[in-house]
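Printed here is run-v2.cif (mmCIF, C-alpha atoms and all ligand atoms):
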data_query
#
loop_
_atom_site.label_atom_id
_atom_site.label_comp_id
_atom_site.auth_asym_id
_atom_site.auth_seq_id
_atom_site.Cartn_x
_atom_site.Cartn_y
_atom_site.Cartn_z
CA MET I 161 102.65 104.65 126.47
CA GLU I 162 103.04 105.73 122.88
CA GLU I 163 100.27 107.58 121.10
CA HIS I 164 98.23 105.29 118.85
CA LYS I 165 98.73 105.76 115.13
CA ILE I 166 95.97 103.74 113.51
CA PHE I 167 92.45 104.66 112.50
CA CYS I 168 90.54 101.50 111.66
CA ALA I 169 88.22 101.90 108.66
CA LEU I 170 84.93 100.22 109.57
CA ASP I 171 83.61 99.71 106.06
CA THR I 172 80.52 97.74 107.01
CA PRO I 173 76.79 98.43 106.63
CA ASP I 174 76.11 96.71 109.96
CA LEU I 175 75.77 98.82 113.15
CA GLU I 176 76.20 95.90 115.52
CA GLU I 177 79.37 94.78 113.79
CA ALA I 178 80.71 98.35 113.88
CA ARG I 179 79.85 98.64 117.57
CA LYS I 180 81.46 95.30 118.36
CA LEU I 181 84.66 96.10 116.45
CA THR I 182 84.83 99.56 118.03
CA ALA I 183 84.48 98.23 121.57
CA MET I 184 87.10 95.55 120.90
CA LEU I 185 89.68 97.63 119.01
CA ALA I 186 89.31 101.19 120.33
CA PRO I 187 91.76 100.91 123.25
CA HIS I 188 94.51 100.23 120.70
CA LEU I 189 93.49 102.81 118.08
CA ALA I 190 93.73 106.56 117.46
CA GLY I 191 90.07 106.23 116.48
CA ILE I 192 87.66 104.66 114.04
CA LYS I 193 86.93 105.79 110.51
CA LEU I 194 83.36 105.72 109.25
CA GLY I 195 82.88 106.09 105.53
CA LEU I 196 80.28 106.04 102.82
CA GLU I 197 79.20 102.41 103.19
CA PHE I 198 78.45 102.70 106.90
CA PHE I 199 76.86 106.13 106.42
CA MET I 200 74.53 105.04 103.63
CA ALA I 201 73.35 102.06 105.68
CA GLN I 202 73.15 103.61 109.14
CA GLY I 203 73.05 107.37 108.53
CA LEU I 204 73.54 109.98 111.21
CA LEU I 205 71.91 107.81 113.84
CA GLY I 206 74.62 105.22 113.27
CA VAL I 207 77.36 107.85 113.62
CA LYS I 208 75.74 109.16 116.80
CA ALA I 209 75.46 105.62 118.21
CA LEU I 210 79.22 105.17 117.82
CA LEU I 211 79.99 108.65 119.17
CA LEU I 212 78.31 107.46 122.39
CA LEU I 213 81.20 105.00 122.81
CA ASN I 214 83.52 108.01 123.35
CA VAL I 215 85.97 106.97 120.68
CA PRO I 216 87.42 109.63 118.33
CA ILE I 217 85.53 109.37 115.04
CA PHE I 218 86.97 110.16 111.64
CA LEU I 219 83.99 110.82 109.37
CA ASP I 220 85.21 110.09 105.87
CA LEU I 221 82.44 111.28 103.54
CA LYS I 222 84.86 113.08 101.18
CA PHE I 223 82.74 116.15 100.46
CA HIS I 224 83.30 117.59 96.98
CA ASP I 225 80.86 120.21 95.66
CA ILE I 226 80.53 123.93 95.01
CA PRO I 227 81.80 125.98 97.97
CA ASN I 228 78.38 126.84 99.37
CA THR I 229 77.12 123.25 99.32
CA ALA I 230 80.34 121.70 100.63
CA ALA I 231 80.46 124.32 103.39
CA GLY I 232 76.87 123.53 104.38
CA ALA I 233 77.68 119.82 104.68
CA VAL I 234 80.82 120.51 106.72
CA ARG I 235 78.99 122.97 109.01
CA GLU I 236 76.50 120.24 109.90
CA ALA I 237 79.18 117.56 110.26
CA ALA I 238 81.13 119.84 112.61
CA LYS I 239 78.13 120.00 114.96
CA LEU I 240 78.28 116.24 115.55
CA GLY I 241 81.47 116.16 117.57
CA VAL I 242 83.53 114.08 115.17
CA ALA I 243 87.30 114.42 115.52
CA TYR I 244 88.19 114.40 111.80
CA LEU I 245 86.33 114.83 108.53
CA THR I 246 87.36 114.76 104.88
CA VAL I 247 86.82 116.86 101.77
CA HIS I 248 88.31 116.46 98.28
CA THR I 249 91.09 119.00 97.68
CA SER I 250 90.22 118.87 93.95
CA GLY I 251 87.11 120.91 94.91
CA GLY I 252 89.51 123.88 94.68
CA GLU I 253 90.86 126.47 97.07
CA ALA I 254 87.66 128.51 97.35
CA MET I 255 85.80 125.38 98.42
CA LEU I 256 88.54 124.51 100.90
CA ARG I 257 88.46 127.99 102.44
CA ALA I 258 84.67 127.87 102.67
CA VAL I 259 84.70 124.50 104.44
CA MET I 260 87.25 125.71 107.02
CA ASP I 261 85.03 128.71 107.87
CA ALA I 262 82.04 126.40 108.06
CA ALA I 263 83.83 123.89 110.29
CA ASN I 264 84.62 126.73 112.72
CA GLU I 265 81.06 128.08 112.64
CA GLY I 266 79.45 124.67 113.09
CA ALA I 267 81.64 123.66 116.01
CA GLN I 268 81.34 127.05 117.72
CA SER I 269 77.55 126.99 117.43
CA VAL I 270 77.42 123.91 119.66
CA ASN I 271 80.51 124.66 121.79
CA LYS I 272 82.42 121.65 120.56
CA PRO I 273 86.02 121.51 119.39
CA ARG I 274 86.38 121.98 115.65
CA PRO I 275 86.97 118.71 113.82
CA LYS I 276 90.29 118.51 112.04
CA VAL I 277 89.66 118.85 108.32
CA LEU I 278 91.68 116.60 106.02
CA GLY I 279 91.86 117.00 102.27
CA VAL I 280 91.87 113.91 100.09
CA THR I 281 94.47 114.29 97.35
CA VAL I 282 94.64 111.38 94.90
CA LEU I 283 92.89 108.15 95.83
CA THR I 284 95.33 105.42 96.78
CA SER I 285 93.44 103.00 94.51
CA LEU I 286 94.60 104.94 91.41
CA ASN I 287 97.81 103.95 89.64
CA SER I 288 99.59 106.22 87.16
CA ALA I 289 97.75 104.72 84.15
CA GLU I 290 94.44 105.61 85.77
CA THR I 291 95.49 109.08 86.87
CA SER I 292 96.54 109.92 83.32
CA ALA I 293 93.27 108.45 81.98
CA ILE I 294 91.30 110.84 84.18
CA GLY I 295 93.40 113.73 82.98
CA PHE I 296 96.15 114.38 85.53
CA ALA I 297 99.28 115.12 83.58
CA GLY I 298 102.36 113.30 84.82
CA GLN I 299 102.83 111.08 87.84
CA PRO I 300 100.37 110.98 90.77
CA GLU I 301 103.04 112.55 93.03
CA LYS I 302 102.92 115.85 91.12
CA GLN I 303 99.16 116.03 91.44
CA VAL I 304 99.34 115.13 95.13
CA LEU I 305 101.84 117.94 95.79
CA ARG I 306 99.75 120.45 93.85
CA LEU I 307 96.62 119.50 95.81
CA ALA I 308 98.51 119.50 99.12
CA GLY I 309 99.55 123.08 98.31
CA LEU I 310 95.91 124.10 97.95
CA ALA I 311 95.13 122.44 101.27
CA ALA I 312 98.00 124.27 103.00
CA ASN I 313 96.98 127.64 101.51
CA ALA I 314 93.41 127.18 102.66
CA GLY I 315 94.46 126.27 106.22
CA LEU I 316 93.39 122.64 106.27
CA ASP I 317 94.77 120.53 109.11
CA GLY I 318 96.14 117.84 106.89
CA ILE I 319 95.79 115.69 103.85
CA VAL I 320 95.07 112.10 102.93
CA ALA I 321 97.59 110.60 100.53
CA SER I 322 99.44 107.41 99.71
CA PRO I 323 102.29 106.56 102.08
CA LEU I 324 104.53 106.63 99.00
CA GLU I 325 103.95 110.39 98.76
CA ALA I 326 104.33 111.16 102.48
CA PRO I 327 108.05 112.07 102.26
CA LEU I 328 107.44 114.58 99.45
CA ILE I 329 104.59 116.19 101.36
CA LYS I 330 106.53 116.40 104.63
CA GLN I 331 109.47 117.86 102.76
CA ALA I 332 107.33 120.50 101.09
CA PHE I 333 104.97 121.38 103.94
CA GLY I 334 106.74 120.18 107.10
CA ALA I 335 104.62 120.37 110.19
CA THR I 336 101.87 122.50 108.60
CA LEU I 337 99.99 119.47 107.26
CA LEU I 338 99.21 116.23 109.01
CA VAL I 339 99.67 113.34 106.61
CA VAL I 340 97.14 110.54 106.97
CA THR I 341 97.79 107.52 104.80
CA PRO I 342 95.44 104.74 103.69
CA GLY I 343 96.79 102.15 101.27
CA ILE I 344 98.52 100.34 104.12
CA ARG I 345 99.16 96.63 103.77
CA PRO I 346 101.02 94.51 106.30
CA LEU I 347 103.24 92.05 104.43
CA THR I 348 100.81 89.21 105.15
CA ALA I 349 97.64 90.99 103.92
CA ALA I 350 95.90 90.99 100.53
CA VAL I 351 96.29 94.21 98.54
CA GLY I 352 92.66 94.24 97.27
CA ASP I 353 91.87 97.33 95.17
CA GLN I 354 94.67 99.45 96.66
CA GLN I 355 97.55 100.23 94.28
CA ARG I 356 100.00 102.57 95.98
CA THR I 357 100.66 100.71 99.22
CA LEU I 358 103.36 100.33 101.91
CA THR I 359 103.58 98.40 105.18
CA PRO I 360 102.61 100.22 108.42
CA LYS I 361 106.22 100.59 109.54
CA GLN I 362 107.37 101.88 106.14
CA ALA I 363 104.50 104.39 106.06
CA LEU I 364 105.46 105.84 109.44
CA ALA I 365 109.14 105.89 108.47
CA ASN I 366 108.05 107.88 105.40
CA GLY I 367 106.58 110.55 107.68
CA ALA I 368 102.91 109.57 107.92
CA ASP I 369 101.32 110.93 111.10
CA TYR I 370 98.42 108.47 111.12
CA LEU I 371 97.56 105.32 109.19
CA VAL I 372 94.10 104.29 108.01
CA ILE I 373 93.78 100.52 107.90
CA GLY I 374 90.57 98.70 107.05
CA ARG I 375 90.36 95.22 105.60
CA PRO I 376 93.70 93.88 106.91
CA ILE I 377 92.14 94.28 110.39
CA THR I 378 88.37 93.97 109.87
CA GLN I 379 88.51 91.00 107.46
CA SER I 380 91.03 89.11 109.56
CA PRO I 381 89.71 86.01 111.35
CA ASP I 382 91.00 87.69 114.54
CA PRO I 383 90.76 91.50 114.15
CA LEU I 384 92.14 92.27 117.62
CA GLN I 385 95.19 90.08 117.07
CA ALA I 386 95.72 91.61 113.61
CA LEU I 387 95.69 95.12 115.12
CA LEU I 388 97.92 94.16 118.04
CA SER I 389 100.49 92.63 115.76
CA ILE I 390 100.53 95.75 113.56
CA ASN I 391 101.00 97.90 116.70
CA GLN I 392 103.81 95.62 117.86
CA ASP I 393 105.48 95.78 114.48
CA ILE I 394 105.29 99.59 114.56
CA ALA I 395 106.73 99.75 118.08
CA ALA I 396 109.61 97.36 117.34
CA GLN I 397 112.92 99.03 116.49
O1 LIG W 401 90.43 98.32 103.62
P1 LIG W 401 91.47 99.38 103.35
O2 LIG W 401 92.64 99.33 104.32
O3 LIG W 401 91.89 99.45 101.89
O4 LIG W 401 90.70 100.74 103.67
C1 LIG W 401 91.21 102.00 103.36
C2 LIG W 401 90.19 103.06 103.72
O5 LIG W 401 90.73 104.33 103.43
C3 LIG W 401 88.87 102.94 102.97
O6 LIG W 401 87.84 103.24 103.91
C4 LIG W 401 88.94 104.02 101.90
O7 LIG W 401 87.67 104.63 101.69
C5 LIG W 401 89.87 105.05 102.55
N1 LIG W 401 90.64 105.88 101.64
C6 LIG W 401 91.55 105.38 100.68
N2 LIG W 401 92.23 106.23 99.88
C7 LIG W 401 92.07 107.57 99.98
C8 LIG W 401 91.18 108.09 100.93
C9 LIG W 401 90.49 107.20 101.75
O8 LIG W 401 91.71 104.15 100.61
N3 LIG W 401 92.79 108.40 99.23
#
Let's see the structure in the file written out as structure tokens.
Ligand code: C5P
Amino acid sequence: MEEHKIFCALDTPDLEEARKLTAMLAPHLAGIKLGLEFFMAQGLLGVKALLLLNVPIFLDLKFHDIPNTAAGAVREAAKLGVAYLTVHTSGGEAMLRAVMDAANEGAQSVNKPRPKVLGVTVLTSLNSAETSAIGFAGQPEKQVLRLAGLAANAGLDGIVASPLEAPLIKQAFGATLLVVTPGIRPLTAAVGDQQRTLTPKQALANGADYLVIGRPITQSPDPLQALLSINQDIAAQ
């Protein structure tokens, strides 16, 4: 049986819906991703309720602050037993180094495995007009590579980037960085606010290690069928 490649983003404020989707989808997933919407509605108790289902949890709160504050947040997150968490690489290398130390300390203090720390590079909702408006010179790819370099230097486990940039990152950093890609749209799904997208199969062919997929699964009239058909598409030669 092949290892599952998809983290499903449960962007819902509703604990029961999250629990229901998790129970239904988890056997076919690498894990579930909980982000800001779920966290603001359900808080830590909501995260802990889903951890009880024994499904790997990717806690996507995208910490971005001065090193001491970001490290404090990551230290606490690492005590929860989540499998993955995210920080913004644009917080800078000192922040990234501080959060890696804190992830180790937090996990060790409760004898749990350290969560893998992923650095968000450039949001997949930004196109090149928007990246230049916020002050990144040049194309998003250049900025993504620069930020991936900071993540690699600081010892992060991987980065979050558009599947369009996965080949560049794999070429530059090889196996040192996991590449996790949101911005995935099966051919039949609406693009929504995502700009730099590829299909699941294309993203994996580009070198992505894991895919984050939200609305194409959760907003489908039949989420399980939507996930199974993506998995089938990935497995097909
Ligand atoms: O619904 P959709 O498939 O667009 O969900 C993508 C998920 O990945 C969202 O939860 C979003 O917060 C997250 N994400 C992203 N781009 C990044 C980092 C995270 O879309 N660079």
Test item: residues no farther than 8 Å from ligand LIG 401 (chain W), counting all atoms listed in the file, as JSON, numbers by chain: {"I": [168, 169, 170, 171, 193, 194, 195, 196, 220, 280, 281, 282, 283, 284, 285, 320, 321, 322, 341, 342, 343, 344, 345, 351, 352, 353, 354, 372, 373, 374, 375, 376, 377, 378]}
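Ranking I:Ala386, I:Ala178, I:Leu286, I:Ala311 by their shortest atom-to-atom distance to Gln299 in chain I, with all atoms listed in the file included, puts I:Leu286 first.
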Axis-aligned box for all listed atoms of range 301-304 of chain I, 5 Å per side, centre and edges in Å to one decimal, as AutoDock Vina command-line options:
--center_x 101.1 --center_y 114.3 --center_z 93.1 --size_x 13.9 --size_y 13.5 --size_z 14.0
Surrounding residues of Val242 in chain I excluding itself and chain neighbours under 4 positions, 9 Å, all atoms listed in the file, as a PyMOL selection string: chain I and resi 207+211+216-219+237-238+273-276
Distance query Phe296 in chain I at most 12 Å, all atoms listed in the file, self and fewer than 3 positions along chain excluded, as an NGL selection string: :I and (250 or 281-282 or 286-293 or 299-304 or 306-307)
Nearby residues (all atoms listed in the file) at most 10 Å from Gly318 in chain I, same-chain spacing under 4 positions excluded, as a PyMOL selection string: chain I and resi 244+246+276-280+308+311-312+333+335-340+369
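Here CA of Gln355 in chain I and CA of Glu197 in chain I stand 20.5 Å from one another.
Between Pro173 in chain I and the candidates I:Leu256, I:Ala363, I:Gln202, I:Ser389, the tightest atom-to-atom separation, counting only C-alpha atoms, involves I:Gln202.
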Selected residue of minimal separation from Ala254 in chain I among I:Asn366, I:Thr229, I:Thr359, I:Asn271, counting all atoms listed in the file: I:Thr229
Residue neighbourhood Ile390 in chain I, 12 Å, all atoms listed in the file, exclusion window fewer than 2 positions, as a ChimeraX atom specification: /I:164-166,168,188-189,344-349,359-362,364,371,373,376-377,383-388,392-396
Any chance you could build range 380-393 of chain I out to N, CA, C and O atoms and write it as an mmCIF file, in the frame of the given file?
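Dumped to selection_26.cif:
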data_model
loop_
_atom_site.group_PDB
_atom_site.id
_atom_site.type_symbol
_atom_site.label_atom_id
_atom_site.label_comp_id
_atom_site.auth_asym_id
_atom_site.auth_seq_id
_atom_site.Cartn_x
_atom_site.Cartn_y
_atom_site.Cartn_z
ATOM 1 N N SER I 380 90.188 90.167 108.992
ATOM 2 C CA SER I 380 91.030 89.110 109.560
ATOM 3 C C SER I 380 90.144 88.179 110.405
ATOM 4 O O SER I 380 89.171 88.631 111.009
ATOM 5 N N PRO I 381 90.486 86.894 110.474
ATOM 6 C CA PRO I 381 89.710 86.010 111.350
ATOM 7 C C PRO I 381 89.797 86.460 112.806
ATOM 8 O O PRO I 381 88.893 86.182 113.596
ATOM 9 N N ASP I 382 90.857 87.192 113.168
ATOM 10 C CA ASP I 382 91.000 87.690 114.540
ATOM 11 C C ASP I 382 91.426 89.163 114.483
ATOM 12 O O ASP I 382 92.612 89.492 114.539
ATOM 13 N N PRO I 383 90.428 90.075 114.358
ATOM 14 C CA PRO I 383 90.760 91.500 114.150
ATOM 15 C C PRO I 383 91.622 92.083 115.271
ATOM 16 O O PRO I 383 92.545 92.855 114.994
ATOM 17 N N LEU I 384 91.350 91.695 116.518
ATOM 18 C CA LEU I 384 92.140 92.270 117.620
ATOM 19 C C LEU I 384 93.605 91.843 117.486
ATOM 20 O O LEU I 384 94.515 92.667 117.601
ATOM 21 N N GLN I 385 93.814 90.569 117.207
ATOM 22 C CA GLN I 385 95.190 90.080 117.070
ATOM 23 C C GLN I 385 95.883 90.762 115.880
ATOM 24 O O GLN I 385 97.055 91.117 115.949
ATOM 25 N N ALA I 386 95.135 90.956 114.789
ATOM 26 C CA ALA I 386 95.720 91.610 113.610
ATOM 27 C C ALA I 386 96.171 93.021 113.975
ATOM 28 O O ALA I 386 97.281 93.440 113.623
ATOM 29 N N LEU I 387 95.328 93.752 114.720
ATOM 30 C CA LEU I 387 95.690 95.120 115.120
ATOM 31 C C LEU I 387 96.880 95.104 116.076
ATOM 32 O O LEU I 387 97.832 95.882 115.918
ATOM 33 N N LEU I 388 96.828 94.194 117.065
ATOM 34 C CA LEU I 388 97.920 94.160 118.040
ATOM 35 C C LEU I 388 99.248 93.833 117.359
ATOM 36 O O LEU I 388 100.280 94.406 117.698
ATOM 37 N N SER I 389 99.198 92.947 116.372
ATOM 38 C CA SER I 389 100.490 92.630 115.760
ATOM 39 C C SER I 389 100.984 93.775 114.892
ATOM 40 O O SER I 389 102.190 94.004 114.807
ATOM 41 N N ILE I 390 100.079 94.551 114.295
ATOM 42 C CA ILE I 390 100.530 95.750 113.560
ATOM 43 C C ILE I 390 101.143 96.753 114.555
ATOM 44 O O ILE I 390 102.217 97.316 114.323
ATOM 45 N N ASN I 391 100.468 96.965 115.693
ATOM 46 C CA ASN I 391 101.000 97.900 116.700
ATOM 47 C C ASN I 391 102.373 97.458 117.202
ATOM 48 O O ASN I 391 103.269 98.284 117.396
ATOM 49 N N GLN I 392 102.509 96.138 117.392
ATOM 50 C CA GLN I 392 103.810 95.620 117.860
ATOM 51 C C GLN I 392 104.899 95.856 116.822
ATOM 52 O O GLN I 392 106.005 96.252 117.129
ATOM 53 N N ASP I 393 104.524 95.604 115.578
ATOM 54 C CA ASP I 393 105.480 95.780 114.480
ATOM 55 C C ASP I 393 105.934 97.241 114.417
ATOM 56 O O ASP I 393 107.116 97.540 114.243
#
